[in-house]
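Pasting protein07.pdb here (PDB, C-alpha atoms and all ligand atoms):
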```
MODEL        1
ATOM      1  CA  MET R   1       0.729  -5.806  12.372  1.00  0.00           C
ATOM      2  CA  SER R   2       2.410  -8.226   9.990  1.00  0.00           C
ATOM      3  CA  ASP R   3      -0.458 -10.692  10.589  1.00  0.00           C
ATOM      4  CA  ARG R   4      -1.930 -11.615   7.206  1.00  0.00           C
ATOM      5  CA  GLY R   5      -5.464 -11.849   8.586  1.00  0.00           C
ATOM      6  CA  ARG R   6      -7.912 -14.726   8.256  1.00  0.00           C
ATOM      7  CA  ALA R   7      -6.831 -17.839   6.332  1.00  0.00           C
ATOM      8  CA  TYR R   8      -9.070 -19.580   3.796  1.00  0.00           C
ATOM      9  CA  PRO R   9      -7.451 -22.977   3.139  1.00  0.00           C
ATOM     10  CA  GLY R  10      -8.127 -24.893  -0.068  1.00  0.00           C
ATOM     11  CA  GLN R  11      -6.724 -28.058  -1.616  1.00  0.00           C
ATOM     12  CA  THR R  12      -3.815 -26.341  -3.345  1.00  0.00           C
ATOM     13  CA  ILE R  13      -3.665 -22.791  -2.029  1.00  0.00           C
ATOM     14  CA  VAL R  14      -4.381 -20.874   1.169  1.00  0.00           C
ATOM     15  CA  VAL R  15      -5.768 -17.379   0.665  1.00  0.00           C
ATOM     16  CA  GLN R  16      -5.231 -14.898   3.485  1.00  0.00           C
ATOM     17  CA  TYR R  17      -7.415 -11.850   3.917  1.00  0.00           C
ATOM     18  CA  ASP R  18      -6.907  -8.875   6.219  1.00  0.00           C
ATOM     19  CA  VAL R  19     -10.198  -6.994   6.321  1.00  0.00           C
ATOM     20  CA  LYS R  20      -8.553  -3.950   7.919  1.00  0.00           C
ATOM     21  CA  ARG R  21      -6.504  -3.355   4.754  1.00  0.00           C
ATOM     22  CA  CYS R  22      -9.330  -3.875   2.249  1.00  0.00           C
ATOM     23  CA  ILE R  23     -10.572  -0.663   0.688  1.00  0.00           C
ATOM     24  CA  HIS R  24     -10.672  -1.250  -2.989  1.00  0.00           C
ATOM     25  CA  ALA R  25     -13.690  -1.631  -5.234  1.00  0.00           C
ATOM     26  CA  ALA R  26     -13.512  -5.370  -5.793  1.00  0.00           C
ATOM     27  CA  GLU R  27     -10.501  -5.952  -8.028  1.00  0.00           C
ATOM     28  CA  CYS R  28     -10.725  -9.524  -6.721  1.00  0.00           C
ATOM     29  CA  ALA R  29     -14.490 -10.013  -7.103  1.00  0.00           C
ATOM     30  CA  LYS R  30     -14.406  -8.636 -10.633  1.00  0.00           C
ATOM     31  CA  GLY R  31     -11.418 -10.780 -11.565  1.00  0.00           C
ATOM     32  CA  LEU R  32     -12.592 -14.113 -10.156  1.00  0.00           C
ATOM     33  CA  PRO R  33     -16.207 -13.876  -8.949  1.00  0.00           C
ATOM     34  CA  ALA R  34     -16.464 -17.626  -8.356  1.00  0.00           C
ATOM     35  CA  VAL R  35     -13.669 -17.388  -5.788  1.00  0.00           C
ATOM     36  CA  PHE R  36     -14.279 -13.931  -4.319  1.00  0.00           C
ATOM     37  CA  ASP R  37     -17.972 -13.387  -3.684  1.00  0.00           C
ATOM     38  CA  PRO R  38     -18.773 -10.775  -1.020  1.00  0.00           C
ATOM     39  CA  ASN R  39     -22.372 -11.994  -0.895  1.00  0.00           C
ATOM     40  CA  ARG R  40     -21.402 -15.527   0.157  1.00  0.00           C
ATOM     41  CA  GLN R  41     -20.212 -17.005   3.452  1.00  0.00           C
ATOM     42  CA  PRO R  42     -17.342 -17.674   3.527  1.00  0.00           C
ATOM     43  CA  TRP R  43     -16.726 -15.105   0.833  1.00  0.00           C
ATOM     44  CA  ILE R  44     -13.506 -16.734  -0.443  1.00  0.00           C
ATOM     45  CA  ASP R  45     -13.654 -20.237  -1.982  1.00  0.00           C
ATOM     46  CA  PRO R  46     -10.026 -21.191  -2.745  1.00  0.00           C
ATOM     47  CA  ASP R  47     -11.112 -24.343  -4.630  1.00  0.00           C
ATOM     48  CA  ALA R  48     -13.286 -22.533  -7.169  1.00  0.00           C
ATOM     49  CA  ALA R  49     -10.423 -21.796  -9.609  1.00  0.00           C
ATOM     50  CA  SER R  50      -6.906 -22.972 -10.349  1.00  0.00           C
ATOM     51  CA  PRO R  51      -4.216 -21.902  -7.881  1.00  0.00           C
ATOM     52  CA  ASP R  52      -2.399 -20.065 -10.693  1.00  0.00           C
ATOM     53  CA  ASP R  53      -5.487 -17.987 -11.458  1.00  0.00           C
ATOM     54  CA  ILE R  54      -6.131 -17.263  -7.780  1.00  0.00           C
ATOM     55  CA  ALA R  55      -2.512 -16.241  -7.199  1.00  0.00           C
ATOM     56  CA  ALA R  56      -2.653 -13.893 -10.207  1.00  0.00           C
ATOM     57  CA  ILE R  57      -5.762 -12.149  -8.865  1.00  0.00           C
ATOM     58  CA  VAL R  58      -4.421 -11.940  -5.309  1.00  0.00           C
ATOM     59  CA  MET R  59      -1.327 -10.168  -6.653  1.00  0.00           C
ATOM     60  CA  ARG R  60      -3.584  -7.563  -8.246  1.00  0.00           C
ATOM     61  CA  CYS R  61      -4.915  -6.533  -4.826  1.00  0.00           C
ATOM     62  CA  PRO R  62      -3.342  -3.085  -4.468  1.00  0.00           C
ATOM     63  CA  THR R  63      -3.596  -2.781  -0.698  1.00  0.00           C
ATOM     64  CA  GLY R  64      -2.057  -6.067   0.416  1.00  0.00           C
ATOM     65  CA  ALA R  65      -5.366  -7.147   1.986  1.00  0.00           C
ATOM     66  CA  LEU R  66      -4.973 -10.428   0.091  1.00  0.00           C
ATOM     67  CA  HIS R  67      -2.042 -12.850   0.171  1.00  0.00           C
ATOM     68  CA  PHE R  68      -1.608 -16.497  -0.653  1.00  0.00           C
ATOM     69  CA  GLU R  69       0.460 -19.522   0.218  1.00  0.00           C
ATOM     70  CA  ARG R  70       0.692 -22.337  -2.315  1.00  0.00           C
ATOM     71  CA  THR R  71       0.499 -25.857  -0.878  1.00  0.00           C
ATOM     72  CA  ASP R  72       0.944 -27.543  -4.274  1.00  0.00           C
ATOM     73  CA  GLY R  73       4.573 -26.513  -4.757  1.00  0.00           C
ATOM     74  CA  GLY R  74       3.608 -23.546  -6.951  1.00  0.00           C
ATOM     75  CA  ALA R  75       5.627 -20.362  -6.906  1.00  0.00           C
ATOM     76  CA  ALA R  76       5.318 -17.850  -4.089  1.00  0.00           C
ATOM     77  CA  GLU R  77       4.586 -14.200  -4.874  1.00  0.00           C
ATOM     78  CA  PRO R  78       7.738 -12.700  -6.439  1.00  0.00           C
ATOM     79  CA  VAL R  79       9.261  -9.629  -4.852  1.00  0.00           C
ATOM     80  CA  PRO R  80       9.488  -6.928  -7.537  1.00  0.00           C
ATOM     81  CA  ASP R  81      13.041  -5.789  -8.251  1.00  0.00           C
ATOM     82  CA  ARG R  82      11.949  -2.143  -8.404  1.00  0.00           C
ATOM     83  CA  ASN R  83      10.060  -0.134  -5.815  1.00  0.00           C
ATOM     84  CA  ARG R  84       7.274   2.115  -7.000  1.00  0.00           C
ATOM     85  CA  THR R  85       4.948   4.488  -5.138  1.00  0.00           C
ATOM     86  CA  THR R  86       1.924   5.716  -7.071  1.00  0.00           C
ATOM     87  CA  LEU R  87      -0.450   8.453  -5.978  1.00  0.00           C
ATOM     88  CA  SER R  88      -4.142   7.904  -6.428  1.00  0.00           C
ATOM     89  CA  ALA R  89      -6.531  10.751  -7.134  1.00  0.00           C
ATOM     90  CA  ASP R  90      -8.383  11.658  -3.901  1.00  0.00           C
ATOM     91  CA  GLY R  91      -6.977   8.509  -2.310  1.00  0.00           C
ATOM     92  CA  PRO R  92      -3.958   6.777  -0.832  1.00  0.00           C
ATOM     93  CA  LEU R  93      -0.388   6.116  -1.825  1.00  0.00           C
ATOM     94  CA  TYR R  94      -0.002   2.699  -3.412  1.00  0.00           C
ATOM     95  CA  LEU R  95       3.375   1.077  -2.868  1.00  0.00           C
ATOM     96  CA  ARG R  96       4.713  -1.929  -4.682  1.00  0.00           C
ATOM     97  CA  GLY R  97       8.097  -3.541  -4.350  1.00  0.00           C
ATOM     98  CA  GLN R  98      10.193  -4.626  -1.429  1.00  0.00           C
ATOM     99  CA  ILE R  99       8.429  -2.523   1.178  1.00  0.00           C
ATOM    100  CA  GLU R 100       9.286  -2.220   4.851  1.00  0.00           C
ATOM    101  CA  ILE R 101       7.216  -0.113   7.259  1.00  0.00           C
ATOM    102  CA  ALA R 102       8.906   0.872  10.508  1.00  0.00           C
ATOM    103  CA  ARG R 103       8.441   3.084  13.521  1.00  0.00           C
ATOM    104  CA  MET R 104      10.937   5.806  14.356  1.00  0.00           C
ATOM    105  CA  ASP R 105      12.538   3.567  17.015  1.00  0.00           C
ATOM    106  CA  GLY R 106      13.365   1.034  14.282  1.00  0.00           C
ATOM    107  CA  THR R 107      10.613  -1.462  15.098  1.00  0.00           C
ATOM    108  CA  VAL R 108       9.582  -3.044  11.812  1.00  0.00           C
ATOM    109  CA  LEU R 109       5.800  -3.254  11.547  1.00  0.00           C
ATOM    110  CA  LEU R 110       5.452  -4.892   8.174  1.00  0.00           C
ATOM    111  CA  HIS R 111       7.232  -6.368   5.192  1.00  0.00           C
ATOM    112  CA  ASP R 112       5.118  -6.600   2.088  1.00  0.00           C
ATOM    113  CA  THR R 113       5.087  -6.275  -1.686  1.00  0.00           C
ATOM    114  CA  ARG R 114       1.806  -4.315  -1.814  1.00  0.00           C
ATOM    115  CA  VAL R 115       0.649  -1.604   0.581  1.00  0.00           C
ATOM    116  CA  ALA R 116      -1.820   1.302   0.537  1.00  0.00           C
ATOM    117  CA  LEU R 117      -0.811   4.103   2.902  1.00  0.00           C
ATOM    118  CA  CYS R 118      -3.057   6.901   4.145  1.00  0.00           C
ATOM    119  CA  ARG R 119      -2.161  10.350   2.825  1.00  0.00           C
ATOM    120  CA  CYS R 120      -5.303  12.257   3.889  1.00  0.00           C
ATOM    121  CA  GLY R 121      -4.773  11.922   7.644  1.00  0.00           C
ATOM    122  CA  ALA R 122      -8.237  10.453   8.302  1.00  0.00           C
ATOM    123  CA  SER R 123      -7.562   6.708   8.448  1.00  0.00           C
ATOM    124  CA  GLN R 124      -8.428   4.949  11.691  1.00  0.00           C
ATOM    125  CA  ASN R 125      -5.883   2.281  10.789  1.00  0.00           C
ATOM    126  CA  LYS R 126      -2.809   4.445  10.160  1.00  0.00           C
ATOM    127  CA  PRO R 127      -0.431   4.112   8.484  1.00  0.00           C
ATOM    128  CA  PHE R 128      -2.712   2.044   6.240  1.00  0.00           C
ATOM    129  CA  CYS R 129      -5.545   3.471   4.211  1.00  0.00           C
ATOM    130  CA  ASP R 130      -8.963   2.369   5.487  1.00  0.00           C
ATOM    131  CA  GLY R 131     -11.070   4.135   2.862  1.00  0.00           C
ATOM    132  CA  ASN R 132     -11.875   7.139   5.063  1.00  0.00           C
ATOM    133  CA  HIS R 133     -10.534   9.597   2.466  1.00  0.00           C
ATOM    134  CA  ALA R 134     -13.972   9.551   0.820  1.00  0.00           C
ATOM    135  CA  MET R 135     -15.870  10.338   4.049  1.00  0.00           C
ATOM    136  CA  ALA R 136     -13.273  12.957   4.953  1.00  0.00           C
ATOM    137  CA  GLY R 137     -13.815  14.695   1.611  1.00  0.00           C
ATOM    138  CA  PHE R 138     -10.133  14.453   0.710  1.00  0.00           C
ATOM    139  CA  THR R 139      -9.471  15.849  -2.728  1.00  0.00           C
ATOM    140  CA  ASP R 140      -6.160  15.842  -4.518  1.00  0.00           C
ATOM    141  CA  PRO R 141      -5.597  15.006  -8.161  1.00  0.00           C
ATOM    142  CA  GLY R 142      -2.434  13.032  -7.424  1.00  0.00           C
ATOM    143  CA  GLN R 143      -0.032  15.211  -9.366  1.00  0.00           C
ATOM    144  CA  LEU R 144       3.620  15.533  -8.488  1.00  0.00           C
ATOM    145  CA  GLY R 145       4.554  18.766  -6.723  1.00  0.00           C
ATOM    146  CA  THR R 146       8.008  20.320  -6.809  1.00  0.00           C
ATOM    147  CA  ASN R 147      10.469  17.479  -6.400  1.00  0.00           C
ATOM    148  CA  GLN R 148      11.866  17.184  -2.873  1.00  0.00           C
ATOM    149  CA  LEU R 149      13.417  13.738  -3.266  1.00  0.00           C
ATOM    150  CA  LYS R 150      17.128  13.255  -2.856  1.00  0.00           C
ATOM    151  CA  PRO R 151      18.693  12.079  -6.143  1.00  0.00           C
ATOM    152  CA  VAL R 152      19.027   8.355  -6.621  1.00  0.00           C
ATOM    153  CA  ASP R 153      21.912   7.066  -4.568  1.00  0.00           C
ATOM    154  CA  PRO R 154      23.908   4.687  -6.797  1.00  0.00           C
ATOM    155  CA  MET R 155      24.697   2.632  -3.693  1.00  0.00           C
ATOM    156  CA  ALA R 156      21.051   2.322  -2.696  1.00  0.00           C
ATOM    157  CA  ALA R 157      19.570  -1.087  -3.399  1.00  0.00           C
ATOM    158  CA  GLY R 158      16.873  -3.365  -2.166  1.00  0.00           C
ATOM    159  CA  ALA R 159      14.029  -2.393   0.094  1.00  0.00           C
ATOM    160  CA  LEU R 160      12.133   0.840   0.308  1.00  0.00           C
ATOM    161  CA  ARG R 161      11.893   1.597   4.005  1.00  0.00           C
ATOM    162  CA  VAL R 162       9.033   3.812   5.134  1.00  0.00           C
ATOM    163  CA  THR R 163       9.517   5.241   8.624  1.00  0.00           C
ATOM    164  CA  LEU R 164       6.571   6.811  10.416  1.00  0.00           C
ATOM    165  CA  ALA R 165       7.611  10.175  11.827  1.00  0.00           C
ATOM    166  CA  PRO R 166       5.433  10.717  14.916  1.00  0.00           C
ATOM    167  CA  ASN R 167       2.834  13.423  14.132  1.00  0.00           C
ATOM    168  CA  GLY R 168       4.601  13.959  10.848  1.00  0.00           C
ATOM    169  CA  PRO R 169       5.368  12.567   7.414  1.00  0.00           C
ATOM    170  CA  LEU R 170       6.334   9.233   5.932  1.00  0.00           C
ATOM    171  CA  LEU R 171      10.123   9.178   5.683  1.00  0.00           C
ATOM    172  CA  VAL R 172      11.025   7.088   2.676  1.00  0.00           C
ATOM    173  CA  ASP R 173      14.482   5.684   2.203  1.00  0.00           C
ATOM    174  CA  GLY R 174      15.672   3.421  -0.576  1.00  0.00           C
ATOM    175  CA  PRO R 175      15.608   3.408  -4.358  1.00  0.00           C
ATOM    176  CA  PHE R 176      12.161   4.043  -5.757  1.00  0.00           C
ATOM    177  CA  GLU R 177      10.018   5.760  -8.321  1.00  0.00           C
ATOM    178  CA  LEU R 178       7.296   8.154  -7.235  1.00  0.00           C
ATOM    179  CA  CYS R 179       4.568   8.409  -9.857  1.00  0.00           C
ATOM    180  CA  ALA R 180       1.613  10.684 -10.444  1.00  0.00           C
ATOM    181  CA  ALA R 181      -1.881   9.193 -10.392  1.00  0.00           C
ATOM    182  CA  THR R 182      -1.928   9.110 -14.176  1.00  0.00           C
ATOM    183  CA  GLY R 183       1.295   7.090 -14.176  1.00  0.00           C
ATOM    184  CA  ALA R 184       2.539   9.375 -16.928  1.00  0.00           C
ATOM    185  CA  GLU R 185       5.094  11.224 -14.824  1.00  0.00           C
ATOM    186  CA  CYS R 186       7.509   9.804 -12.241  1.00  0.00           C
ATOM    187  CA  TYR R 187      10.385  11.066 -10.134  1.00  0.00           C
ATOM    188  CA  ALA R 188      13.221   8.729  -9.227  1.00  0.00           C
ATOM    189  CA  GLY R 189      14.796   9.159  -5.829  1.00  0.00           C
ATOM    190  CA  SER R 190      16.341   7.506  -2.836  1.00  0.00           C
ATOM    191  CA  SER R 191      14.882   9.411   0.093  1.00  0.00           C
ATOM    192  CA  GLY R 192      12.392  12.064   1.025  1.00  0.00           C
ATOM    193  CA  ALA R 193       9.426  12.958   3.232  1.00  0.00           C
ATOM    194  CA  LEU R 194       5.898  12.336   1.994  1.00  0.00           C
ATOM    195  CA  CYS R 195       2.827  14.056   3.428  1.00  0.00           C
ATOM    196  CA  ARG R 196       0.399  11.858   5.351  1.00  0.00           C
ATOM    197  CA  CYS R 197      -1.622  14.605   7.051  1.00  0.00           C
ATOM    198  CA  GLY R 198      -3.378  15.807   3.898  1.00  0.00           C
ATOM    199  CA  ALA R 199      -2.452  19.472   4.417  1.00  0.00           C
ATOM    200  CA  SER R 200       0.755  19.961   2.433  1.00  0.00           C
ATOM    201  CA  GLN R 201       0.632  22.551  -0.314  1.00  0.00           C
ATOM    202  CA  ASN R 202       3.300  20.607  -2.185  1.00  0.00           C
ATOM    203  CA  LYS R 203       1.814  17.125  -2.253  1.00  0.00           C
ATOM    204  CA  PRO R 204       2.967  14.432  -2.252  1.00  0.00           C
ATOM    205  CA  PHE R 205       5.857  15.966  -0.312  1.00  0.00           C
ATOM    206  CA  CYS R 206       5.699  17.173   3.280  1.00  0.00           C
ATOM    207  CA  ASP R 207       5.987  20.955   3.596  1.00  0.00           C
ATOM    208  CA  GLY R 208       5.731  21.143   7.390  1.00  0.00           C
ATOM    209  CA  SER R 209       1.982  21.884   7.423  1.00  0.00           C
ATOM    210  CA  HIS R 210       1.366  18.958   9.787  1.00  0.00           C
ATOM    211  CA  LYS R 211       2.560  21.160  12.645  1.00  0.00           C
ATOM    212  CA  ALA R 212       0.154  23.985  11.806  1.00  0.00           C
ATOM    213  CA  ILE R 213      -2.849  21.655  11.696  1.00  0.00           C
ATOM    214  CA  GLY R 214      -1.839  19.753  14.841  1.00  0.00           C
ATOM    215  CA  PHE R 215      -1.636  16.394  13.044  1.00  0.00           C
ATOM    216  CA  VAL R 216      -1.468  13.520  15.494  1.00  0.00           C
ATOM    217  CA  ALA R 217      -0.301  10.075  14.442  1.00  0.00           C
ATOM    218  CA  GLU R 218       1.891   7.353  15.855  1.00  0.00           C
TER     219      GLU R 218
HETATM  220  S1  LIG Q 301      -8.662  -6.434  -4.399  1.00  0.00           S
HETATM  221 FE1  LIG Q 301      -7.889  -6.299  -2.267  1.00  0.00          FE
HETATM  222  S2  LIG Q 301      -8.499  -4.260  -1.536  1.00  0.00           S
HETATM  223 FE2  LIG Q 301      -9.726  -4.704  -3.419  1.00  0.00          FE
HETATM  224  S3  LIG Q 301     -11.682  -5.591  -2.641  1.00  0.00           S
HETATM  225 FE3  LIG Q 301     -10.295  -7.308  -3.093  1.00  0.00          FE
HETATM  226  S4  LIG Q 301      -9.273  -7.704  -1.104  1.00  0.00           S
HETATM  227 FE4  LIG Q 301     -10.171  -5.650  -0.943  1.00  0.00          FE
HETATM  228  S1  LIG Q 302       2.867  15.291   6.911  1.00  0.00           S
HETATM  229 FE1  LIG Q 302       1.524  16.606   5.759  1.00  0.00          FE
HETATM  230  S2  LIG Q 302       2.727  18.445   5.577  1.00  0.00           S
HETATM  231 FE2  LIG Q 302       4.034  17.112   6.728  1.00  0.00          FE
ENDMDL
END
```
Represent the structure from my file as structure tokens, please.
Ligand code: SF4
Ligand code: FES
Amino acid sequence: MSDRGRAYPGQTIVVQYDVKRCIHAAECAKGLPAVFDPNRQPWIDPDAASPDDIAAIVMRCPTGALHFERTDGGAAEPVPDRNRTTLSADGPLYLRGQIEIARMDGTVLLHDTRVALCRCGASQNKPFCDGNHAMAGFTDPGQLGTNQLKPVDPMAAGALRVTLAPNGPLLVDGPFELCAATGAECYAGSSGALCRCGASQNKPFCDGSHKAIGFVAE
């Protein structure tokens, strides 16, 4: 699952694209249409702009569908020193930082700096968002319910680990901020359980409703 997808090699940069994690309305195509043109084959031309400009646009991709590797000695994508999870209205959880996704048995599925995780329960590519929230009619304004996070542990540092509880929530562990869709309000915490079935009455936190609705997920 840590495969970065298809590679588009250029003279100075290789752009990698994982179609299964692409859901967003063209942050890339709007930012650099000469490079990212969905109406062209191949749709990514890594020689149509400077590697600095391409890297900057790739790092805007909120889902992690896009990555890059510089072959000109340019800087790699920096790992943010703070972890942040932001709700989106009627859509997924966007994570940025030092993110690690793991199964309950400890198997690490992914390390990344940018991830979009399903919180409606309808994705066919769980734990990642695949855009199905729209078809599923998921509605949630992305406000912060009553805080269920454990207070920030002064010893906690580094990665935010997200463990997939089978048929249940996302168990988050590590220092992070959890922010409402508006970005205006955030909770700081170091662990908690976030709803990924779509049924909690205290979103974004799990309230146990996944059992009542028979939520099934790896
Ligand atoms: S910015 Fe990322 S998620 Fe959005 S369209 Fe481009 S590749 Fe897809
Ligand atoms: S995962 Fe949705 S209520 Fe627990």
Can I get the residues of chain R within 12 Å of ligand LIG 301 (chain Q), each with the closest pair of atoms and their distance in Å to one decimal, using all atoms listed in the file, sorted chain first then ascending number, as a tab-separated table?
```
residue	atom	partner	partner_atom	distance
R:Arg4	CA	Q:LIG301	S4	11.8
R:Gly5	CA	Q:LIG301	S4	11.2
R:Arg6	CA	Q:LIG301	S4	11.8
R:Val15	CA	Q:LIG301	S4	10.4
R:Gln16	CA	Q:LIG301	S4	9.4
R:Tyr17	CA	Q:LIG301	S4	6.8
R:Asp18	CA	Q:LIG301	S4	7.8
R:Val19	CA	Q:LIG301	FE4	7.4
R:Lys20	CA	Q:LIG301	FE4	9.2
R:Arg21	CA	Q:LIG301	S2	6.7
R:Cys22	CA	Q:LIG301	FE4	3.7
R:Ile23	CA	Q:LIG301	S2	4.7
R:His24	CA	Q:LIG301	FE2	3.6
R:Ala25	CA	Q:LIG301	S3	5.1
R:Ala26	CA	Q:LIG301	S3	3.7
R:Glu27	CA	Q:LIG301	S1	4.1
R:Cys28	CA	Q:LIG301	FE3	4.3
R:Ala29	CA	Q:LIG301	FE3	6.4
R:Lys30	CA	Q:LIG301	FE3	8.7
R:Gly31	CA	Q:LIG301	S1	8.8
R:Leu32	CA	Q:LIG301	FE3	10.1
R:Pro33	CA	Q:LIG301	FE3	10.6
R:Val35	CA	Q:LIG301	FE3	11.0
R:Phe36	CA	Q:LIG301	FE3	7.8
R:Asp37	CA	Q:LIG301	FE3	9.8
R:Pro38	CA	Q:LIG301	S3	8.9
R:Trp43	CA	Q:LIG301	S4	10.7
R:Ile44	CA	Q:LIG301	S4	10.0
R:Ile54	CA	Q:LIG301	S1	11.6
R:Ala55	CA	Q:LIG301	S1	11.9
R:Ala56	CA	Q:LIG301	S1	11.2
R:Ile57	CA	Q:LIG301	S1	7.8
R:Val58	CA	Q:LIG301	S1	7.0
R:Met59	CA	Q:LIG301	S1	8.5
R:Arg60	CA	Q:LIG301	S1	6.5
R:Cys61	CA	Q:LIG301	S1	3.8
R:Pro62	CA	Q:LIG301	FE1	6.0
R:Thr63	CA	Q:LIG301	S2	5.2
R:Gly64	CA	Q:LIG301	FE1	6.4
R:Ala65	CA	Q:LIG301	S4	5.0
R:Leu66	CA	Q:LIG301	S4	5.2
R:His67	CA	Q:LIG301	S4	9.0
R:Phe68	CA	Q:LIG301	S4	11.7
R:Pro92	CA	Q:LIG301	S2	12.0
R:Tyr94	CA	Q:LIG301	S2	11.1
R:Arg114	CA	Q:LIG301	FE1	9.9
R:Val115	CA	Q:LIG301	S2	9.8
R:Ala116	CA	Q:LIG301	S2	8.9
R:Phe128	CA	Q:LIG301	S2	11.6
R:Cys129	CA	Q:LIG301	S2	10.1
R:Asp130	CA	Q:LIG301	S2	9.7
R:Gly131	CA	Q:LIG301	S2	9.8
```
Which neighbours of Gln201 in chain R fall inside 12 Å, counting all atoms listed in the file, when residues of the same chain fewer than 3 positions from it are skipped, and could you give them as a PDB file with C-alpha atoms, keeping the file's coordinate frame?
```
ATOM      1  CA  ASP R 140      -6.160  15.842  -4.518  1.00  0.00           C
ATOM      2  CA  GLN R 143      -0.032  15.211  -9.366  1.00  0.00           C
ATOM      3  CA  LEU R 144       3.620  15.533  -8.488  1.00  0.00           C
ATOM      4  CA  GLY R 145       4.554  18.766  -6.723  1.00  0.00           C
ATOM      5  CA  THR R 146       8.008  20.320  -6.809  1.00  0.00           C
ATOM      6  CA  LEU R 194       5.898  12.336   1.994  1.00  0.00           C
ATOM      7  CA  CYS R 195       2.827  14.056   3.428  1.00  0.00           C
ATOM      8  CA  CYS R 197      -1.622  14.605   7.051  1.00  0.00           C
ATOM      9  CA  GLY R 198      -3.378  15.807   3.898  1.00  0.00           C
ATOM     10  CA  PRO R 204       2.967  14.432  -2.252  1.00  0.00           C
ATOM     11  CA  PHE R 205       5.857  15.966  -0.312  1.00  0.00           C
ATOM     12  CA  CYS R 206       5.699  17.173   3.280  1.00  0.00           C
ATOM     13  CA  ASP R 207       5.987  20.955   3.596  1.00  0.00           C
ATOM     14  CA  GLY R 208       5.731  21.143   7.390  1.00  0.00           C
ATOM     15  CA  SER R 209       1.982  21.884   7.423  1.00  0.00           C
ATOM     16  CA  HIS R 210       1.366  18.958   9.787  1.00  0.00           C
TER      17      HIS R 210
END
```
On this file, the PyMOL selection byres (((chain R and resi 124) around 12) and not hetatm) gives some set of residues; write that set as a tab-separated table (two decimals) with C-alpha atoms, in the frame of the given file.
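Output file part-v5.tsv follows:
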```
chain	number	residue	atom	x	y	z
R	20	LYS	CA	-8.55	-3.95	7.92
R	21	ARG	CA	-6.50	-3.36	4.75
R	117	LEU	CA	-0.81	4.10	2.90
R	118	CYS	CA	-3.06	6.90	4.14
R	120	CYS	CA	-5.30	12.26	3.89
R	121	GLY	CA	-4.77	11.92	7.64
R	122	ALA	CA	-8.24	10.45	8.30
R	123	SER	CA	-7.56	6.71	8.45
R	125	ASN	CA	-5.88	2.28	10.79
R	126	LYS	CA	-2.81	4.44	10.16
R	127	PRO	CA	-0.43	4.11	8.48
R	128	PHE	CA	-2.71	2.04	6.24
R	129	CYS	CA	-5.54	3.47	4.21
R	130	ASP	CA	-8.96	2.37	5.49
R	131	GLY	CA	-11.07	4.14	2.86
R	132	ASN	CA	-11.88	7.14	5.06
R	133	HIS	CA	-10.53	9.60	2.47
R	135	MET	CA	-15.87	10.34	4.05
R	136	ALA	CA	-13.27	12.96	4.95
R	216	VAL	CA	-1.47	13.52	15.49
R	217	ALA	CA	-0.30	10.07	14.44
R	218	GLU	CA	1.89	7.35	15.86
```
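Shell of range 168-171 of chain R at 6 Å, with all atoms listed in the file counted and residues fewer than 5 places along the chain excluded, is Val162, Thr163, Gly192, Ala193, Leu194, Cys195 and Arg196 of chain R.
Proximity to Val108 in chain R at 12 Å, evaluated using all atoms listed in the file and with sequence-adjacent residues fewer than 3 positions away removed, yields R:Met1, R:Ser2, R:Ile99, R:Glu100, R:Ile101, R:Ala102, R:Arg103, R:Met104, R:Asp105, R:His111, R:Asp112, R:Arg161, R:Val162, R:Thr163, R:Leu164.
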### Task
Write out as a PyMOL selection string the residues lying within 12 Å of Gly74 in chain R, counting only C-alpha atoms and excluding same-chain residues fewer than 4 positions away.
chain R and resi 12-14+50-56+68-70+78
### Separation of CA of Pro46 in chain R from CA of Leu109 in chain R, in Å and rounded to one decimal
27.9 Å
### Task
Given the file shown, determine the residues that the PyMOL selection byres (((chain R and resi 79) around 7) and not hetatm) selects; report them as number ranges by chain.
R: 77-78, 80-81, 97-98, 113
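Checking R:Gly174, R:Gly183, R:Pro166, R:Gly137 one by one against ligand LIG 302 (chain Q), counting all atoms listed in the file, you find the shortest gap at R:Pro166.
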### Query
Given the file above and the PyMOL selection byres (((chain R and resi 141) around 8) and not hetatm), which residues are selected, and can you give them as JSON, numbers by chain?
{"R": [88, 89, 90, 139, 140, 142, 143, 181]}
### Pick from R:Gln41, R:Thr71, R:Ser190, R:Asn167 nearest to ligand LIG 302 (chain Q), counting all atoms listed in the file
R:Asn167
If I wrap all listed atoms of ligand LIG 302 (chain Q) in a box with edges along x, y and z and add 4 Å on each side, what are its centre and edge lengths in Å to one decimal, as AutoDock Vina command-line options?
```
--center_x 2.8 --center_y 16.9 --center_z 6.2 --size_x 10.5 --size_y 11.2 --size_z 9.3
```
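Closest approach to ligand LIG 302 (chain Q) among R:Arg119, R:Ser200, R:Asn83, R:Thr107: R:Ser200, based on only C-alpha atoms and all ligand atoms.
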